[in-house]
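The file target33.txt comes next; it holds compact mmCIF, C-alpha atoms.
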# COMPACT_ATOMS: atom_id res chain seq x y z
CA MET L 1 7.82 33.69 -17.05
CA LEU L 2 5.47 31.01 -15.74
CA ALA L 3 6.60 28.59 -13.06
CA ILE L 4 4.77 25.64 -11.49
CA ARG L 5 4.93 25.57 -7.69
CA GLY L 6 3.93 22.89 -5.24
CA ALA L 7 4.96 19.85 -7.27
CA ALA L 8 5.63 16.88 -5.02
CA PRO L 9 5.71 13.07 -5.19
CA GLY L 10 2.84 11.10 -3.70
CA LEU L 11 0.20 8.49 -4.44
CA LEU L 12 -1.41 8.58 -7.87
CA ASP L 13 -4.82 9.42 -6.42
CA GLU L 14 -3.56 12.52 -4.61
CA PRO L 15 -4.93 15.82 -5.97
CA LEU L 16 -2.56 18.00 -7.96
CA LEU L 17 -2.05 20.76 -5.41
CA LEU L 18 -0.21 22.97 -7.85
CA GLU L 19 0.02 26.72 -8.28
CA VAL L 20 1.47 28.85 -11.03
CA GLY L 21 3.78 31.80 -10.58
CA GLY L 22 4.40 34.54 -13.10
CA ALA L 23 0.80 34.92 -14.26
CA PRO L 24 -1.44 37.92 -13.46
CA PRO L 25 -4.29 37.18 -11.01
CA GLY L 26 -7.28 35.73 -12.86
CA ALA L 27 -5.37 35.20 -16.11
CA PRO L 28 -6.84 32.35 -18.22
CA LEU L 29 -4.56 29.34 -18.14
CA THR L 30 -4.64 25.88 -19.65
CA TRP L 31 -3.26 22.95 -17.68
CA ARG L 32 -2.19 19.75 -19.42
CA ALA L 33 -0.95 16.39 -18.20
CA ARG L 34 0.18 13.13 -19.76
CA ILE L 35 0.90 9.59 -18.59
CA ARG L 36 2.34 6.69 -20.59
CA ASP L 37 0.88 3.37 -19.39
CA ASP L 38 2.42 -0.12 -19.29
CA ASP L 39 1.22 -0.86 -22.84
CA GLY L 40 2.86 2.28 -24.22
CA PHE L 41 -0.36 4.21 -24.72
CA VAL L 42 -0.29 7.91 -23.89
CA TRP L 43 -3.19 9.33 -21.90
CA ARG L 44 -3.65 13.10 -21.97
CA ALA L 45 -5.65 15.49 -19.85
CA SER L 46 -6.44 19.19 -20.04
CA GLY L 47 -8.41 21.68 -17.98
CA ALA L 48 -8.56 25.23 -16.69
CA THR L 49 -7.18 24.20 -13.27
CA PRO L 50 -5.09 21.26 -11.99
CA ASP L 51 -8.12 19.74 -10.23
CA ALA L 52 -10.26 19.98 -13.40
CA LEU L 53 -8.11 17.82 -15.67
CA ALA L 54 -10.18 15.44 -17.83
CA TRP L 55 -8.38 12.37 -19.19
CA ALA L 56 -8.64 10.89 -22.66
CA ALA L 57 -6.61 8.19 -24.39
CA ALA L 58 -4.38 8.99 -27.36
CA LYS L 59 -5.86 5.98 -29.19
CA PRO L 60 -9.21 5.24 -27.51
CA ALA L 61 -10.08 2.32 -29.80
CA SER L 62 -6.95 0.41 -28.81
CA ALA L 63 -6.05 1.60 -25.34
CA GLY L 64 -8.89 -0.04 -23.43
CA ALA L 65 -11.19 1.35 -20.78
CA ILE L 66 -8.50 2.30 -18.27
CA ALA L 67 -4.77 2.99 -18.34
CA ALA L 68 -2.74 -0.23 -18.12
CA LEU L 69 -0.99 0.07 -14.74
CA ARG L 70 -0.80 -3.63 -13.86
CA SER L 71 2.94 -3.45 -13.14
CA LEU L 72 2.12 -1.07 -10.25
CA ARG L 73 5.38 0.74 -10.95
CA PRO L 74 5.63 4.46 -10.12
CA VAL L 75 4.17 6.63 -12.86
CA GLU L 76 5.76 9.72 -14.35
CA LEU L 77 3.13 12.44 -14.68
CA ASP L 78 4.16 15.24 -17.03
CA VAL L 79 2.35 18.48 -16.18
CA ARG L 80 2.35 21.71 -18.19
CA VAL L 81 0.63 25.07 -17.81
CA GLU L 82 0.21 27.56 -20.66
CA ASP L 83 -1.08 31.12 -20.94
CA GLU L 84 -2.80 32.85 -23.86
CA ASP L 85 0.43 34.49 -25.00
CA GLY L 86 2.20 31.19 -25.59
CA GLY L 87 4.18 31.17 -22.37
CA GLY L 88 4.41 27.93 -20.45
CA ALA L 89 6.10 25.87 -17.77
CA SER L 90 6.48 22.12 -17.28
CA ARG L 91 7.20 19.75 -14.40
CA THR L 92 7.42 15.97 -14.12
CA LEU L 93 5.96 14.41 -10.99
CA THR L 94 6.47 10.86 -9.79
CA ARG L 95 3.28 9.28 -8.50
CA SER L 96 3.02 5.82 -6.91
CA LEU L 97 0.34 3.16 -6.68
CA LEU L 98 2.08 1.20 -3.92
CA ALA L 99 3.24 3.04 -0.82
CA ASP L 100 6.32 1.94 1.09
CA GLY L 101 5.63 -1.22 3.07
CA VAL L 102 2.72 -2.47 0.94
CA LYS L 103 3.11 -6.06 -0.24
CA ALA L 104 1.32 -7.61 -3.21
CA ARG L 105 1.33 -11.39 -3.58
CA ARG L 106 -0.43 -13.89 -5.79
CA TRP L 107 -2.90 -16.11 -3.99
CA ARG L 108 -3.92 -19.64 -5.01
CA ASP L 109 -5.53 -21.76 -2.33
CA GLY L 110 -8.51 -24.11 -2.30
CA GLY L 111 -9.91 -23.08 -5.68
CA VAL L 112 -9.43 -19.38 -4.96
CA ALA L 113 -7.18 -17.26 -7.16
CA GLY L 114 -6.39 -13.59 -6.87
CA THR L 115 -3.94 -11.07 -5.50
CA LEU L 116 -3.62 -9.95 -1.90
CA TYR L 117 -2.49 -6.39 -1.14
CA LEU L 118 -1.22 -6.06 2.43
CA PRO L 119 -0.81 -2.55 3.85
CA GLY L 120 2.33 -1.73 5.75
CA GLU L 121 0.15 -0.26 8.49
CA ALA L 122 -3.51 -1.26 8.56
CA THR L 123 -5.95 1.47 9.56
CA GLY L 124 -9.29 0.34 8.20
CA ALA L 125 -11.49 -2.57 7.20
CA GLY L 126 -10.58 -5.24 4.68
CA VAL L 127 -12.18 -5.48 1.27
CA ILE L 128 -12.59 -8.12 -1.44
CA LEU L 129 -12.85 -6.63 -4.92
CA ASP L 130 -14.77 -9.02 -7.16
CA ALA L 131 -12.98 -9.06 -10.52
CA ARG L 132 -14.68 -12.18 -11.85
CA ALA L 133 -17.09 -12.23 -14.84
CA PRO L 134 -18.75 -10.32 -16.34
CA SER L 135 -15.69 -8.89 -17.98
CA GLU L 136 -17.69 -6.33 -19.95
CA PRO L 137 -18.40 -2.93 -18.38
CA ARG L 138 -21.86 -2.26 -17.01
CA ASP L 139 -23.61 1.08 -17.50
CA ASP L 140 -20.61 2.47 -19.44
CA SER L 141 -18.34 1.89 -16.43
CA VAL L 142 -14.87 0.37 -16.42
CA PRO L 143 -14.72 -3.47 -16.19
CA ALA L 144 -14.07 -4.64 -12.65
CA ALA L 145 -11.13 -6.77 -13.77
CA ASP L 146 -9.40 -3.64 -15.11
CA VAL L 147 -10.07 -1.19 -12.29
CA ALA L 148 -9.61 -3.60 -9.36
CA PRO L 149 -5.76 -3.90 -9.39
CA PRO L 150 -4.93 -0.16 -9.25
CA ALA L 151 -7.83 0.42 -6.86
CA ALA L 152 -6.63 -2.36 -4.54
CA ALA L 153 -3.05 -1.09 -4.63
CA LEU L 154 -4.14 2.43 -3.70
CA LEU L 155 -6.49 1.16 -0.98
CA ALA L 156 -3.67 -0.89 0.56
CA SER L 157 -1.43 2.17 0.35
CA ARG L 158 -4.04 3.93 2.48
CA GLY L 159 -4.22 1.19 5.10
CA VAL L 160 -6.92 -1.15 3.76
CA LEU L 161 -6.22 -4.85 3.28
CA ALA L 162 -7.48 -5.57 -0.24
CA PHE L 163 -7.95 -8.82 -2.16
CA VAL L 164 -8.69 -8.89 -5.89
CA LEU L 165 -10.76 -12.02 -6.51
CA ALA L 166 -10.14 -13.46 -9.97
CA ARG L 167 -11.58 -16.96 -9.41
CA GLY L 168 -13.37 -18.76 -6.61
CA ASP L 169 -15.90 -18.01 -3.90
CA ALA L 170 -15.92 -14.79 -1.87
CA ASP L 171 -16.95 -16.58 1.34
CA ALA L 172 -14.00 -18.96 0.94
CA VAL L 173 -11.71 -15.95 0.57
CA ARG L 174 -13.09 -14.48 3.80
CA GLU L 175 -12.28 -17.71 5.65
CA GLN L 176 -8.76 -17.81 4.23
CA LEU L 177 -8.07 -14.13 4.92
CA ALA L 178 -9.17 -14.60 8.52
CA ARG L 179 -5.99 -16.64 8.98
CA VAL L 180 -3.78 -13.75 7.85
CA PRO L 181 -2.22 -12.26 11.03
CA SER L 182 -2.96 -8.65 10.07
CA ALA L 183 -6.46 -9.26 8.70
CA PRO L 184 -9.15 -6.97 10.15
CA PRO L 185 -12.30 -8.51 11.64
CA GLU L 186 -14.51 -6.83 9.03
CA ILE L 187 -14.03 -7.72 5.35
CA ALA L 188 -16.49 -6.27 2.84
CA VAL L 189 -17.17 -7.66 -0.65
CA LEU L 190 -17.55 -5.14 -3.47
CA ASP L 191 -18.69 -6.12 -6.96
CA GLY L 192 -17.87 -2.65 -8.25
CA VAL L 193 -15.46 0.10 -7.35
CA PRO L 194 -15.08 3.64 -8.70
CA VAL L 195 -12.11 4.53 -10.85
CA PRO L 196 -9.62 5.99 -8.36
CA ALA L 197 -8.96 9.69 -8.62
CA GLY L 198 -5.95 10.38 -10.82
CA VAL L 199 -6.15 7.12 -12.78
CA PRO L 200 -6.72 7.78 -16.51
CA ALA L 201 -9.82 6.06 -17.89
CA GLN L 202 -12.33 6.44 -20.70
CA ALA L 203 -15.09 6.86 -18.12
CA PRO L 204 -14.02 9.89 -16.05
CA ALA L 205 -12.86 9.19 -12.52
CA ASP L 206 -15.16 10.39 -9.76
CA PRO L 207 -13.02 11.81 -6.93
CA VAL L 208 -16.13 12.30 -4.75
CA ALA L 209 -17.05 8.60 -5.05
CA TRP L 210 -13.43 7.58 -4.41
CA ASP L 211 -13.24 9.72 -1.28
CA ALA L 212 -16.56 8.28 -0.08
CA LEU L 213 -15.16 4.75 -0.45
CA LEU L 214 -12.03 5.71 1.50
CA ARG L 215 -14.18 7.06 4.34
CA ARG L 216 -16.42 3.99 4.31
CA LEU L 217 -13.43 1.66 4.65
CA GLY L 218 -11.62 3.76 7.25
CA ALA L 219 -8.71 4.41 4.89
CA ARG L 220 -6.26 7.25 5.25
CA PRO L 221 -7.79 10.19 3.36
CA ARG L 222 -6.31 12.00 0.44
CA ARG L 223 -4.78 15.41 0.93
CA VAL L 224 -7.22 18.27 0.62
CA ALA L 225 -6.90 21.31 -1.59
CA ARG L 226 -5.43 24.50 -0.17

Take the structure in this file and express it as structure tokens.
Amino acid sequence: MLAIRGAAPGLLDEPLLLEVGGAPPGAPLTWRARIRDDDGFVWRASGATPDALAWAAAKPASAGAIAALRSLRPVELDVRVEDEDGGGASRTLTRSLLADGVKARRWRDGGVAGTLYLPGEATGAGVILDARAPSEPRDDSVPAADVAPPAAALLASRGVLAFVLARGDADAVREQLARVPSAPPEIAVLDGVPVPAGVPAQAPADPVAWDALLRRLGARPRRVAR
């Protein structure tokens, strides 16, 4: 009988450090996962290993470019492993976008509008994610307005002050953020950000690019595979 080992809660971008018991060494297995987003769409993934899961939307034409996670509520990730003989095992993991202590608040001041994500414990630089026009994706990527909120939440959960700029001037935001007591001296402006690892999207997430951004900003790194 198959059994999934290693399941644990954590941030949504953490790798699935899972193992399977009850299967012969080297036996071919199929891993599956599913997430239901805030709009009720189901995103599914499959792969030969937990770290090779590729996401796709149940209804790609309607679901948008990225899973709707704007509520930033914890996500239930249903994971299943199956063998060639029809045996299987399932687990449900709870994954979060906001770590304990992170605060998200709407920001409207001097013609600037957006959302500020304050880490409970700052460890790295600050970042402004530009989610203004264009709203259409460039080079088959996910629109900035869609990817910025979950990316900012996860960055703040890893110690980076993040501001999602919806309207206004980036330099004005810098001046305003400088007055925030916990603001770091360095605040970068990004007009694009990779889809965070673990976040379902039509364009596959790039964990290597996400990890590179975490290093660049001095964020707390993700866990590494065994």

Quiz item: If you count all atoms listed in the file, which residues fall within 9 Å of Pro194 (chain L), apart from same-chain ones fewer than 2 positions away, as a list of chain:residue names?
Solution: L:Ser141, L:Val142, L:Val147, L:Ala151, L:Gly192, L:Pro196, L:Ala197, L:Ala205, L:Asp206, L:Pro207, L:Ala209, L:Trp210, L:Leu213

Taking (-5.7, 2.4, 1.5) in the file's own coordinates, collect the residues within 8 Å, counting all atoms listed in the file, and hand them back as a PDB file with C-alpha atoms, in the frame of the given file.
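Result file part05.pdb:
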ATOM      1  CA  PRO L 119      -0.810  -2.550   3.850  1.00  0.00           C
ATOM      2  CA  GLY L 124      -9.290   0.340   8.200  1.00  0.00           C
ATOM      3  CA  ALA L 152      -6.630  -2.360  -4.540  1.00  0.00           C
ATOM      4  CA  ALA L 153      -3.050  -1.090  -4.630  1.00  0.00           C
ATOM      5  CA  LEU L 154      -4.140   2.430  -3.700  1.00  0.00           C
ATOM      6  CA  LEU L 155      -6.490   1.160  -0.980  1.00  0.00           C
ATOM      7  CA  ALA L 156      -3.670  -0.890   0.560  1.00  0.00           C
ATOM      8  CA  SER L 157      -1.430   2.170   0.350  1.00  0.00           C
ATOM      9  CA  ARG L 158      -4.040   3.930   2.480  1.00  0.00           C
ATOM     10  CA  GLY L 159      -4.220   1.190   5.100  1.00  0.00           C
ATOM     11  CA  VAL L 160      -6.920  -1.150   3.760  1.00  0.00           C
ATOM     12  CA  LEU L 161      -6.220  -4.850   3.280  1.00  0.00           C
ATOM     13  CA  LEU L 214     -12.030   5.710   1.500  1.00  0.00           C
ATOM     14  CA  ALA L 219      -8.710   4.410   4.890  1.00  0.00           C
ATOM     15  CA  ARG L 220      -6.260   7.250   5.250  1.00  0.00           C
TER      16      ARG L 220
END

Quiz item: Using only C-alpha atoms, which residues sit within 10 Å of region 65-73 of chain L once same-chain residues fewer than 6 positions away are excluded, as a PyMOL selection string?
Solution: chain L and resi 35-43+56-57+95-98+104+137+140-143+146-150+153-154+195+199-205

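Taking CA of Ala8 (chain L) and CA of Val224 (chain L) as the two end points, the separation is 14.1 Å.
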
Practice problem: Just the residues within 9 Å of Ala166 (chain L), please, counting all atoms listed in the file, with nothing from its chain fewer than 2 positions along; format it as a ChimeraX atom specification. | Solution: /L:112-115,129-133,145,164,168

Quiz item: In terms of the shortest atom-to-atom distance over all atoms listed in the file, which of L:Ala170, L:Asp85, L:Pro15, L:Pro74 is closest to Ile187 (chain L)?
Solution: L:Ala170

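Nearest to Ala178 (chain L) of all the residues L:Gly21, L:Gly126, L:Gly87, L:Gly110 is L:Gly126, counting all atoms listed in the file.
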
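Computed from the coordinates, the CA of Arg174 (chain L) to CA of Ala212 (chain L) distance equals 23.3 Å.
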
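Omitting Val20 (chain L) and its sequence neighbours fewer than 2 positions away, and counting all atoms listed in the file, the residues within 8 Å are Leu2, Ala3, Ile4, Arg5, Leu18, Gly22, Ala23 and Val81 of chain L.
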
Please write out, as AutoDock Vina command-line options, where the centre of an axis-aligned box around all listed atoms of region 184-188 of chain L lies and how long its edges are, in Å to one decimal, after adding 6 Å on each side.
--center_x -12.8 --center_y -7.4 --center_z 7.2 --size_x 19.3 --size_y 14.2 --size_z 20.8

Give me the residues within 8 Å of region 29-34 of chain L as an mmCIF file with C-alpha atoms, in the frame of the given file, counting all atoms listed in the file and dropping any in the same chain fewer than 5 places off.
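Wrote it out as around06.cif, contents follow:
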data_model
loop_
_atom_site.group_PDB
_atom_site.id
_atom_site.type_symbol
_atom_site.label_atom_id
_atom_site.label_comp_id
_atom_site.auth_asym_id
_atom_site.auth_seq_id
_atom_site.Cartn_x
_atom_site.Cartn_y
_atom_site.Cartn_z
ATOM 1 C CA VAL L 42 -0.290 7.910 -23.890
ATOM 2 C CA TRP L 43 -3.190 9.330 -21.900
ATOM 3 C CA ARG L 44 -3.650 13.100 -21.970
ATOM 4 C CA ALA L 45 -5.650 15.490 -19.850
ATOM 5 C CA SER L 46 -6.440 19.190 -20.040
ATOM 6 C CA GLY L 47 -8.410 21.680 -17.980
ATOM 7 C CA ALA L 48 -8.560 25.230 -16.690
ATOM 8 C CA THR L 49 -7.180 24.200 -13.270
ATOM 9 C CA PRO L 50 -5.090 21.260 -11.990
ATOM 10 C CA LEU L 53 -8.110 17.820 -15.670
ATOM 11 C CA LEU L 77 3.130 12.440 -14.680
ATOM 12 C CA ASP L 78 4.160 15.240 -17.030
ATOM 13 C CA VAL L 79 2.350 18.480 -16.180
ATOM 14 C CA ARG L 80 2.350 21.710 -18.190
ATOM 15 C CA VAL L 81 0.630 25.070 -17.810
ATOM 16 C CA GLU L 82 0.210 27.560 -20.660
ATOM 17 C CA ASP L 83 -1.080 31.120 -20.940
ATOM 18 C CA GLU L 84 -2.800 32.850 -23.860
#

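Interatomic distance, CA of Val75 (chain L) to CA of Asp100 (chain L): 14.9 Å.
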
Practice problem: Go through L:Asp191, L:Gly198, L:Gly86, L:Arg108 and flag the residue nearest Pro28 (chain L), using only C-alpha atoms for the distances. | Solution: L:Gly86
